[in-house]
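Novice: This is entry_35.pdb, which holds PDB, N, CA and C atoms:
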```pdb
ATOM      1  N   MET A   6     137.972 135.388  30.343
ATOM      2  CA  MET A   6     139.255 135.304  30.997
ATOM      3  C   MET A   6     140.259 136.139  30.195
ATOM      4  N   THR A   7     141.086 136.881  30.891
ATOM      5  CA  THR A   7     142.063 137.723  30.213
ATOM      6  C   THR A   7     143.340 136.936  29.937
ATOM      7  N   THR A   8     144.208 137.535  29.134
ATOM      8  CA  THR A   8     145.489 136.907  28.813
ATOM      9  C   THR A   8     146.311 136.698  30.075
ATOM     10  N   THR A   9     146.250 137.648  30.992
ATOM     11  CA  THR A   9     146.979 137.533  32.252
ATOM     12  C   THR A   9     146.450 136.361  33.071
ATOM     13  N   ASP A  10     145.121 136.211  33.126
ATOM     14  CA  ASP A  10     144.518 135.090  33.846
ATOM     15  C   ASP A  10     144.926 133.765  33.219
ATOM     16  N   THR A  11     144.909 133.709  31.890
ATOM     17  CA  THR A  11     145.281 132.493  31.175
ATOM     18  C   THR A  11     146.741 132.131  31.450
ATOM     19  N   ALA A  12     147.615 133.128  31.426
ATOM     20  CA  ALA A  12     149.034 132.892  31.705
ATOM     21  C   ALA A  12     149.215 132.421  33.144
ATOM     22  N   GLY A  13     148.482 133.043  34.061
ATOM     23  CA  GLY A  13     148.561 132.638  35.467
ATOM     24  C   GLY A  13     148.087 131.215  35.667
ATOM     25  N   THR A  14     147.004 130.867  34.989
ATOM     26  CA  THR A  14     146.479 129.500  35.064
ATOM     27  C   THR A  14     147.476 128.512  34.488
ATOM     28  N   ALA A  15     148.078 128.851  33.371
ATOM     29  CA  ALA A  15     149.074 127.978  32.743
ATOM     30  C   ALA A  15     150.266 127.759  33.674
ATOM     31  N   ASP A  16     150.676 128.815  34.385
ATOM     32  CA  ASP A  16     151.785 128.688  35.333
ATOM     33  C   ASP A  16     151.411 127.774  36.492
ATOM     34  N   VAL A  17     150.204 127.931  36.999
ATOM     35  CA  VAL A  17     149.745 127.075  38.100
ATOM     36  C   VAL A  17     149.740 125.613  37.662
ATOM     37  N   ILE A  18     149.215 125.369  36.478
ATOM     38  CA  ILE A  18     149.153 123.995  35.949
ATOM     39  C   ILE A  18     150.559 123.440  35.748
ATOM     40  N   ALA A  19     151.443 124.219  35.159
ATOM     41  CA  ALA A  19     152.817 123.758  34.917
ATOM     42  C   ALA A  19     153.522 123.441  36.232
ATOM     43  N   ASP A  20     153.354 124.301  37.232
ATOM     44  CA  ASP A  20     153.972 124.058  38.541
ATOM     45  C   ASP A  20     153.400 122.807  39.198
ATOM     46  N   ALA A  21     152.090 122.648  39.119
ATOM     47  CA  ALA A  21     151.454 121.476  39.721
ATOM     48  C   ALA A  21     151.892 120.192  39.014
ATOM     49  N   ARG A  22     152.010 120.243  37.701
ATOM     50  CA  ARG A  22     152.458 119.063  36.946
ATOM     51  C   ARG A  22     153.899 118.706  37.293
ATOM     52  N   ALA A  23     154.735 119.712  37.464
ATOM     53  CA  ALA A  23     156.124 119.457  37.855
ATOM     54  C   ALA A  23     156.165 118.796  39.231
ATOM     55  N   ARG A  24     155.304 119.246  40.126
ATOM     56  CA  ARG A  24     155.242 118.642  41.469
ATOM     57  C   ARG A  24     154.736 117.203  41.380
ATOM     58  N   ILE A  25     153.725 116.958  40.545
ATOM     59  CA  ILE A  25     153.206 115.605  40.346
ATOM     60  C   ILE A  25     154.312 114.702  39.798
ATOM     61  N   ASP A  26     155.066 115.188  38.822
ATOM     62  CA  ASP A  26     156.167 114.400  38.263
ATOM     63  C   ASP A  26     157.194 114.048  39.335
ATOM     64  N   ALA A  27     157.518 115.011  40.191
ATOM     65  CA  ALA A  27     158.467 114.765  41.276
ATOM     66  C   ALA A  27     157.907 113.738  42.268
ATOM     67  N   LEU A  28     156.625 113.870  42.576
ATOM     68  CA  LEU A  28     155.991 112.896  43.469
ATOM     69  C   LEU A  28     155.988 111.506  42.852
ATOM     70  N   ASP A  29     155.691 111.416  41.559
ATOM     71  CA  ASP A  29     155.710 110.125  40.872
ATOM     72  C   ASP A  29     157.095 109.494  40.941
ATOM     73  N   ASP A  30     158.135 110.292  40.756
ATOM     74  CA  ASP A  30     159.498 109.764  40.863
ATOM     75  C   ASP A  30     159.765 109.218  42.261
ATOM     76  N   ARG A  31     159.302 109.927  43.277
ATOM     77  CA  ARG A  31     159.481 109.450  44.657
ATOM     78  C   ARG A  31     158.694 108.172  44.899
ATOM     79  N   ILE A  32     157.459 108.119  44.394
ATOM     80  CA  ILE A  32     156.624 106.924  44.555
ATOM     81  C   ILE A  32     157.291 105.724  43.894
ATOM     82  N   ILE A  33     157.805 105.913  42.672
ATOM     83  CA  ILE A  33     158.486 104.822  41.972
ATOM     84  C   ILE A  33     159.694 104.354  42.780
ATOM     85  N   GLY A  34     160.455 105.276  43.304
ATOM     86  CA  GLY A  34     161.607 104.915  44.142
ATOM     87  C   GLY A  34     161.189 104.131  45.375
ATOM     88  N   LEU A  35     160.107 104.541  46.007
ATOM     89  CA  LEU A  35     159.618 103.827  47.184
ATOM     90  C   LEU A  35     159.118 102.427  46.830
ATOM     91  N   VAL A  36     158.461 102.301  45.687
ATOM     92  CA  VAL A  36     157.991 100.982  45.247
ATOM     93  C   VAL A  36     159.197 100.073  44.989
ATOM     94  N   GLN A  37     160.222 100.603  44.350
ATOM     95  CA  GLN A  37     161.422  99.804  44.109
ATOM     96  C   GLN A  37     162.080  99.397  45.425
ATOM     97  N   GLU A  38     162.109 100.292  46.383
ATOM     98  CA  GLU A  38     162.656  99.970  47.701
ATOM     99  C   GLU A  38     161.808  98.895  48.382
ATOM    100  N   ARG A  39     160.491  99.004  48.268
ATOM    101  CA  ARG A  39     159.588  98.006  48.853
ATOM    102  C   ARG A  39     159.822  96.643  48.210
ATOM    103  N   MET A  40     160.033  96.624  46.906
ATOM    104  CA  MET A  40     160.298  95.370  46.205
ATOM    105  C   MET A  40     161.573  94.711  46.738
ATOM    106  N   ALA A  41     162.611  95.496  46.966
ATOM    107  CA  ALA A  41     163.880  94.963  47.473
ATOM    108  C   ALA A  41     163.711  94.410  48.888
ATOM    109  N   VAL A  42     162.994  95.122  49.726
ATOM    110  CA  VAL A  42     162.772  94.655  51.103
ATOM    111  C   VAL A  42     161.923  93.392  51.094
ATOM    112  N   SER A  43     160.925  93.352  50.240
ATOM    113  CA  SER A  43     160.078  92.167  50.122
ATOM    114  C   SER A  43     160.898  90.950  49.691
ATOM    115  N   ALA A  44     161.844  91.151  48.793
ATOM    116  CA  ALA A  44     162.703  90.046  48.348
ATOM    117  C   ALA A  44     163.519  89.498  49.509
ATOM    118  N   VAL A  45     163.994  90.380  50.389
ATOM    119  CA  VAL A  45     164.744  89.940  51.574
ATOM    120  C   VAL A  45     163.853  89.081  52.465
ATOM    121  N   VAL A  46     162.621  89.521  52.687
ATOM    122  CA  VAL A  46     161.680  88.772  53.524
ATOM    123  C   VAL A  46     161.398  87.405  52.903
ATOM    124  N   GLN A  47     161.140  87.385  51.614
ATOM    125  CA  GLN A  47     160.840  86.112  50.937
ATOM    126  C   GLN A  47     162.024  85.150  51.020
ATOM    127  N   GLU A  48     163.226  85.657  50.788
ATOM    128  CA  GLU A  48     164.414  84.805  50.858
ATOM    129  C   GLU A  48     164.601  84.236  52.262
ATOM    130  N   ALA A  49     164.398  85.071  53.276
ATOM    131  CA  ALA A  49     164.540  84.609  54.656
ATOM    132  C   ALA A  49     163.480  83.563  54.984
ATOM    133  N   ARG A  50     162.267  83.802  54.549
ATOM    134  CA  ARG A  50     161.180  82.871  54.815
ATOM    135  C   ARG A  50     161.453  81.516  54.155
ATOM    136  N   ILE A  51     161.877  81.537  52.896
ATOM    137  CA  ILE A  51     162.165  80.304  52.154
ATOM    138  C   ILE A  51     163.358  79.577  52.785
ATOM    139  N   SER A  52     164.407  80.328  53.163
ATOM    140  CA  SER A  52     165.600  79.731  53.770
ATOM    141  C   SER A  52     165.288  79.016  55.073
ATOM    142  N   SER A  53     164.271  79.496  55.768
ATOM    143  CA  SER A  53     163.907  78.876  57.043
ATOM    144  C   SER A  53     162.856  77.787  56.861
ATOM    145  N   GLY A  54     162.583  77.420  55.609
ATOM    146  CA  GLY A  54     161.638  76.343  55.335
ATOM    147  C   GLY A  54     160.196  76.800  55.178
ATOM    148  N   GLY A  55     159.985  78.080  55.162
ATOM    149  CA  GLY A  55     158.622  78.606  55.030
ATOM    150  C   GLY A  55     158.222  78.785  53.580
ATOM    151  N   ARG A  56     157.044  79.299  53.415
ATOM    152  CA  ARG A  56     156.515  79.572  52.074
ATOM    153  C   ARG A  56     156.945  80.962  51.634
ATOM    154  N   ARG A  57     157.003  81.154  50.349
ATOM    155  CA  ARG A  57     157.383  82.453  49.777
ATOM    156  C   ARG A  57     156.358  83.524  50.111
ATOM    157  N   VAL A  58     155.082  83.144  50.167
ATOM    158  CA  VAL A  58     153.991  84.095  50.376
ATOM    159  C   VAL A  58     153.291  83.790  51.695
ATOM    160  N   ASN A  59     152.994  84.850  52.443
ATOM    161  CA  ASN A  59     152.252  84.740  53.696
ATOM    162  C   ASN A  59     150.900  85.415  53.469
ATOM    163  N   LEU A  60     149.874  84.606  53.218
ATOM    164  CA  LEU A  60     148.565  85.159  52.843
ATOM    165  C   LEU A  60     147.932  85.992  53.951
ATOM    166  N   SER A  61     148.125  85.616  55.210
ATOM    167  CA  SER A  61     147.530  86.424  56.288
ATOM    168  C   SER A  61     148.176  87.813  56.336
ATOM    169  N   ARG A  62     149.473  87.876  56.076
ATOM    170  CA  ARG A  62     150.149  89.177  56.024
ATOM    171  C   ARG A  62     149.637  89.993  54.837
ATOM    172  N   GLU A  63     149.413  89.339  53.710
ATOM    173  CA  GLU A  63     148.884  90.051  52.549
ATOM    174  C   GLU A  63     147.492  90.601  52.828
ATOM    175  N   MET A  64     146.680  89.855  53.566
ATOM    176  CA  MET A  64     145.351  90.349  53.929
ATOM    177  C   MET A  64     145.451  91.598  54.807
ATOM    178  N   GLU A  65     146.435  91.617  55.712
ATOM    179  CA  GLU A  65     146.657  92.799  56.550
ATOM    180  C   GLU A  65     146.997  94.017  55.679
ATOM    181  N   ILE A  66     147.852  93.797  54.690
ATOM    182  CA  ILE A  66     148.259  94.884  53.796
ATOM    183  C   ILE A  66     147.067  95.388  52.992
ATOM    184  N   LEU A  67     146.285  94.459  52.444
ATOM    185  CA  LEU A  67     145.089  94.851  51.684
ATOM    186  C   LEU A  67     144.138  95.669  52.553
ATOM    187  N   SER A  68     143.927  95.225  53.767
ATOM    188  CA  SER A  68     143.035  95.928  54.695
ATOM    189  C   SER A  68     143.571  97.327  55.022
ATOM    190  N   HIS A  69     144.871  97.413  55.233
ATOM    191  CA  HIS A  69     145.499  98.699  55.560
ATOM    192  C   HIS A  69     145.284  99.717  54.435
ATOM    193  N   TYR A  70     145.525  99.295  53.205
ATOM    194  CA  TYR A  70     145.349 100.184  52.058
ATOM    195  C   TYR A  70     143.871 100.534  51.848
ATOM    196  N   ARG A  71     142.985  99.557  52.013
ATOM    197  CA  ARG A  71     141.554  99.818  51.854
ATOM    198  C   ARG A  71     141.075 100.811  52.912
ATOM    199  N   ASP A  72     141.518 100.630  54.161
ATOM    200  CA  ASP A  72     141.121 101.539  55.232
ATOM    201  C   ASP A  72     141.625 102.960  54.981
ATOM    202  N   ALA A  73     142.825 103.076  54.429
ATOM    203  CA  ALA A  73     143.413 104.398  54.213
ATOM    204  C   ALA A  73     142.900 105.087  52.950
ATOM    205  N   LEU A  74     142.599 104.296  51.903
ATOM    206  CA  LEU A  74     142.303 104.894  50.594
ATOM    207  C   LEU A  74     140.950 104.492  50.010
ATOM    208  N   GLY A  75     140.186 103.693  50.730
ATOM    209  CA  GLY A  75     138.911 103.230  50.205
ATOM    210  C   GLY A  75     139.111 102.055  49.256
ATOM    211  N   LYS A  76     138.054 101.707  48.551
ATOM    212  CA  LYS A  76     138.084 100.551  47.663
ATOM    213  C   LYS A  76     139.241 100.581  46.660
ATOM    214  N   PRO A  77     139.553 101.734  46.043
ATOM    215  CA  PRO A  77     140.696 101.747  45.111
ATOM    216  C   PRO A  77     142.023 101.391  45.796
ATOM    217  N   GLY A  78     142.098 101.593  47.102
ATOM    218  CA  GLY A  78     143.310 101.222  47.839
ATOM    219  C   GLY A  78     143.589  99.733  47.757
ATOM    220  N   THR A  79     142.529  98.932  47.696
ATOM    221  CA  THR A  79     142.698  97.484  47.579
ATOM    222  C   THR A  79     143.372  97.143  46.255
ATOM    223  N   SER A  80     142.946  97.779  45.187
ATOM    224  CA  SER A  80     143.562  97.541  43.876
ATOM    225  C   SER A  80     145.027  97.970  43.875
ATOM    226  N   LEU A  81     145.301  99.102  44.489
ATOM    227  CA  LEU A  81     146.679  99.575  44.579
ATOM    228  C   LEU A  81     147.531  98.581  45.358
ATOM    229  N   ALA A  82     147.014  98.100  46.478
ATOM    230  CA  ALA A  82     147.748  97.129  47.288
ATOM    231  C   ALA A  82     147.983  95.838  46.518
ATOM    232  N   MET A  83     146.980  95.380  45.772
ATOM    233  CA  MET A  83     147.151  94.164  44.973
ATOM    234  C   MET A  83     148.265  94.352  43.942
ATOM    235  N   THR A  84     148.312  95.509  43.325
ATOM    236  CA  THR A  84     149.362  95.785  42.352
ATOM    237  C   THR A  84     150.732  95.788  43.024
ATOM    238  N   LEU A  85     150.836  96.422  44.184
ATOM    239  CA  LEU A  85     152.104  96.424  44.919
ATOM    240  C   LEU A  85     152.518  95.014  45.303
ATOM    241  N   LEU A  86     151.572  94.236  45.792
ATOM    242  CA  LEU A  86     151.891  92.863  46.180
ATOM    243  C   LEU A  86     152.376  92.065  44.973
ATOM    244  N   GLU A  87     151.731  92.237  43.846
ATOM    245  CA  GLU A  87     152.144  91.520  42.640
ATOM    246  C   GLU A  87     153.545  91.950  42.206
ATOM    247  N   LEU A  88     153.831  93.236  42.284
ATOM    248  CA  LEU A  88     155.166  93.721  41.951
ATOM    249  C   LEU A  88     156.218  93.146  42.887
ATOM    250  N   CYS A  89     155.863  92.999  44.152
ATOM    251  CA  CYS A  89     156.842  92.601  45.161
ATOM    252  C   CYS A  89     157.020  91.087  45.258
ATOM    253  N   ARG A  90     156.018  90.328  44.975
ATOM    254  CA  ARG A  90     156.140  88.882  45.131
ATOM    255  C   ARG A  90     155.806  88.106  43.873
ATOM    256  N   GLY A  91     155.349  88.784  42.842
ATOM    257  CA  GLY A  91     154.962  88.113  41.624
ATOM    258  C   GLY A  91     153.538  87.582  41.727
ATOM    259  N   ARG A  92     153.064  87.002  40.653
ATOM    260  CA  ARG A  92     151.709  86.427  40.653
ATOM    261  C   ARG A  92     151.702  85.138  41.446
ATOM    262  N   ILE A  93     150.562  84.896  42.122
ATOM    263  CA  ILE A  93     150.415  83.613  42.825
ATOM    264  C   ILE A  93     149.268  82.846  42.235
TER     265      ILE A  93
END
```
Would it be possible to restate this file's structure as structure tokens?

Specialist:
Amino acid sequence: MTTTDTAGTADVIADARARIDALDDRIIGLVQERMAVSAVVQEARISSGGRRVNLSREMEILSHYRDALGKPGTSLAMTLLELCRGRI
């Protein structure tokens, strides 16, 4: 590989990493937004005499993530659920 190729590769990597960092910032923002919306749902559910957690809804979410992302999607969904509603 020549110096020019190495420099070009380094530029590609740097640009891709910058894009990944920007995507991570957006993902974190979306997770924080999801947490806030989840808190509204939980408060409304509790205020109306319901339970804080709706397990059938959580199963739907787990299934949705698994269908879209495969088995690792289930782990991701579990992490999101834990962030949004805490441990059960």

Novice: Could you list as a list in words every residue that has an atom within 7 Å of (155.6, 85.2, 50.0), using the file's coordinates and counting only N, CA and C atoms?

Specialist: Val46, Gln47, Arg56, Arg57, Val58, Asn59, Leu60 and Arg90 of chain A

Novice: Which residues, written as a list in words, have at least one atom at most 10 Å from Arg92 (chain A), with only C-alpha atoms counted and residues fewer than 6 positions away on the same chain left out?

Specialist: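 Answer for this query is Met83, Thr84 and Leu86 of chain A.
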
Novice: A:Ala19, A:Leu67, A:Leu35, A:Met40: which is nearest Leu88 (chain A), counting only C-alpha atoms?

Specialist: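 So, comparing all the options, the nearest one is A:Met40.
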
Novice: Atom N of Ala23 (chain A) and atom C of Val36 (chain A) are how many Å apart?

Specialist: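 Going from atom N of Ala23 (chain A) over to atom C of Val36 (chain A) covers 21.5 Å.
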
Novice: Taking only C-alpha atoms into account, name the residue in A:Ile32, A:Ala41, A:Leu81, A:Ala21 that is nearest to His69 (chain A).

Specialist: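 For His69 (chain A), the nearest of the given residues is A:Leu81.
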
Novice: Tell me, in Å to one decimal, how far atom C of Arg50 (chain A) is from atom N of Ser68 (chain A).

Specialist: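 According to the coordinates, atom C of Arg50 (chain A) and atom N of Ser68 (chain A) are separated by 22.3 Å.
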
Novice: May I have all residues of region 26-76 of chain A that DSSP, computed from the backbone, assigns to alpha helix (DSSP H), given as an NGL selection string?

Specialist: :A and (26-52 or 60-74 or 76)

Novice: Quick one: pull the distance between CA of Val17 (chain A) and atom C of Asp30 (chain A), Å, one decimal.

Specialist: 20.9 Å
